[in-house]
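What follows is a single structure, written as structure tokens, with notes after it.
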Amino acid sequence: MSGPTRIDSIAAIADRFDAAILDQWGVLHDGAKAPPGAIDAVRALVRAGKTLVVLSNSARLGSDATGRLAQLGYDSRDFAGAVTSGETVRDMLRDRTDPFFADVGRRVFLIAREPTLLEGLDYVRAATPDEADFVLLGSATAPERSLAKDHAPALAAAARAGLPLLCANPDRVGVAASGLIEAPGTLAAHYESLG
């Protein structure tokens, strides 16, 4: 078995595969723009007959991911689809076939920029952790809000109540146009440290 091979572009190995799974944040964009050459590389792969799927730890839905890519200059038709951790969590909350999700309860304390993960589902948003059955962590809401300044008191109350926490994005650090930002995994790790 040989070691890693350094390549200068995806074109150097494109003939070895029929499909590619491409990460969204930090690979296809930084939240504000695509890296130099990325849009052209995607177009070249599609012209070469490759099937491309976007994979993301984003707490958003797959359609949000491809919509964002279109806003940044990609052709959304170039992607066969998008799989996000947020959509996976939403599907599990909807279907309730997993025993954990079946028993998690209906009252949710949501920490997220938008309520997308709950739209169309029969859950009730709780105003405080004391009124909830579980915590759903969709986004860390950084950089406007932070664990230390804004979320620590609510997470402490949820921990005192013994609430389970579902994290729809395990990343601890996010990539943004302004640089690295606190991501939901940081809040989840803090919650875990509370017991």
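By order in the structure tokens, chains are A, B, ...; within a chain, residues start at 1; ligands start at 1, following the order shown.
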
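Residues within 9 Å of range 123-133 of chain A, counting only C-alpha atoms and excluding same-chain residues fewer than 6 positions away, are Val104, Gly105, Arg106, Arg107, Val108, Phe109, Leu110, Ala154, Leu155, Ala157, Ala158, Ala159, Ala161, Leu163 and Pro164 of chain A.
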
For range 16-29 of chain A: contacts at 7 Å, only C-alpha atoms, fewer than 5 positions along chain excluded, given as a PyMOL selection string: chain A and resi 34-35+38+50-56+175

Restricting the output to N, CA, C and O atoms, write the selected residues as a PDB file, in the first residue's frame.
```
ATOM      1  N   ALA A  34     -17.106  31.427  -3.353  1.00  0.00           N
ATOM      2  CA  ALA A  34     -16.448  30.164  -3.700  1.00  0.00           C
ATOM      3  C   ALA A  34     -14.940  30.410  -3.775  1.00  0.00           C
ATOM      4  O   ALA A  34     -14.504  31.487  -4.172  1.00  0.00           O
ATOM      5  N   PRO A  35     -14.134  29.422  -3.402  1.00  0.00           N
ATOM      6  CA  PRO A  35     -12.682  29.586  -3.558  1.00  0.00           C
ATOM      7  C   PRO A  35     -12.321  29.727  -5.040  1.00  0.00           C
ATOM      8  O   PRO A  35     -13.048  29.225  -5.905  1.00  0.00           O
ATOM      9  N   ALA A  38     -13.010  26.888  -7.921  1.00  0.00           N
ATOM     10  CA  ALA A  38     -13.931  25.826  -7.481  1.00  0.00           C
ATOM     11  C   ALA A  38     -15.117  25.663  -8.431  1.00  0.00           C
ATOM     12  O   ALA A  38     -15.485  24.534  -8.776  1.00  0.00           O
ATOM     13  N   LYS A  50     -19.086  13.150 -14.425  1.00  0.00           N
ATOM     14  CA  LYS A  50     -19.053  12.751 -13.017  1.00  0.00           C
ATOM     15  C   LYS A  50     -20.359  13.149 -12.321  1.00  0.00           C
ATOM     16  O   LYS A  50     -20.940  14.193 -12.609  1.00  0.00           O
ATOM     17  N   THR A  51     -20.810  12.307 -11.410  1.00  0.00           N
ATOM     18  CA  THR A  51     -21.971  12.605 -10.583  1.00  0.00           C
ATOM     19  C   THR A  51     -21.466  13.237  -9.293  1.00  0.00           C
ATOM     20  O   THR A  51     -20.587  12.672  -8.628  1.00  0.00           O
ATOM     21  N   LEU A  52     -22.015  14.384  -8.936  1.00  0.00           N
ATOM     22  CA  LEU A  52     -21.561  15.119  -7.757  1.00  0.00           C
ATOM     23  C   LEU A  52     -22.676  15.246  -6.733  1.00  0.00           C
ATOM     24  O   LEU A  52     -23.805  15.603  -7.073  1.00  0.00           O
ATOM     25  N   VAL A  53     -22.347  14.963  -5.488  1.00  0.00           N
ATOM     26  CA  VAL A  53     -23.282  15.101  -4.377  1.00  0.00           C
ATOM     27  C   VAL A  53     -22.623  15.974  -3.322  1.00  0.00           C
ATOM     28  O   VAL A  53     -21.430  15.829  -3.040  1.00  0.00           O
ATOM     29  N   VAL A  54     -23.388  16.872  -2.738  1.00  0.00           N
ATOM     30  CA  VAL A  54     -22.893  17.745  -1.683  1.00  0.00           C
ATOM     31  C   VAL A  54     -23.194  17.080  -0.343  1.00  0.00           C
ATOM     32  O   VAL A  54     -24.300  16.586  -0.112  1.00  0.00           O
ATOM     33  N   LEU A  55     -22.210  17.081   0.528  1.00  0.00           N
ATOM     34  CA  LEU A  55     -22.360  16.561   1.882  1.00  0.00           C
ATOM     35  C   LEU A  55     -22.003  17.678   2.842  1.00  0.00           C
ATOM     36  O   LEU A  55     -21.000  18.369   2.645  1.00  0.00           O
ATOM     37  N   SER A  56     -22.824  17.865   3.873  1.00  0.00           N
ATOM     38  CA  SER A  56     -22.555  18.964   4.784  1.00  0.00           C
ATOM     39  C   SER A  56     -23.025  18.652   6.192  1.00  0.00           C
ATOM     40  O   SER A  56     -24.070  18.033   6.388  1.00  0.00           O
ATOM     41  N   VAL A 175     -16.542  27.678   9.200  1.00  0.00           N
ATOM     42  CA  VAL A 175     -15.813  28.550   8.278  1.00  0.00           C
ATOM     43  C   VAL A 175     -16.776  29.633   7.820  1.00  0.00           C
ATOM     44  O   VAL A 175     -17.875  29.341   7.360  1.00  0.00           O
TER      45      VAL A 175
END
```

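Within range 52-95 of chain A, DSSP applied to the backbone places the following residues in strand (DSSP E): Leu52, Val53, Val54, Leu55, Ser56, Gly81, Ala82, Val83 and Thr84 of chain A.
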
Top pick for closest residue to Ala12 in chain A, considering A:Leu72, A:Leu45, A:Ile181, A:Leu165 and counting only C-alpha atoms: A:Leu45

Hey, could you make a per-residue contact list for range 17-108 of chain A against range 168-171 of chain A with 6 Å as the cut-off, showing the nearest pair of atoms and its distance in Å to one decimal, counting only C-alpha atoms, sorted by chain and number, as a tab-separated table?
```
residue	atom	partner	partner_atom	distance
A:Asn57	CA	A:Asn169	CA	5.1
A:Ser58	CA	A:Asn169	CA	5.6
A:Ala59	CA	A:Ala168	CA	5.1
A:Ser85	CA	A:Ala168	CA	5.7
A:Gly86	CA	A:Ala168	CA	4.9
```

Keeping C-alpha atoms for every residue in the selection just given, could you write it to a file as a compact mmCIF listing (two decimals), in the first residue's frame?
```
# COMPACT_ATOMS: atom_id res chain seq x y z
CA ASN A 57 -22.67 19.06 8.56
CA SER A 58 -24.94 22.08 8.13
CA ALA A 59 -28.07 22.12 10.26
CA SER A 85 -26.89 16.49 8.99
CA GLY A 86 -29.76 18.92 9.63
```
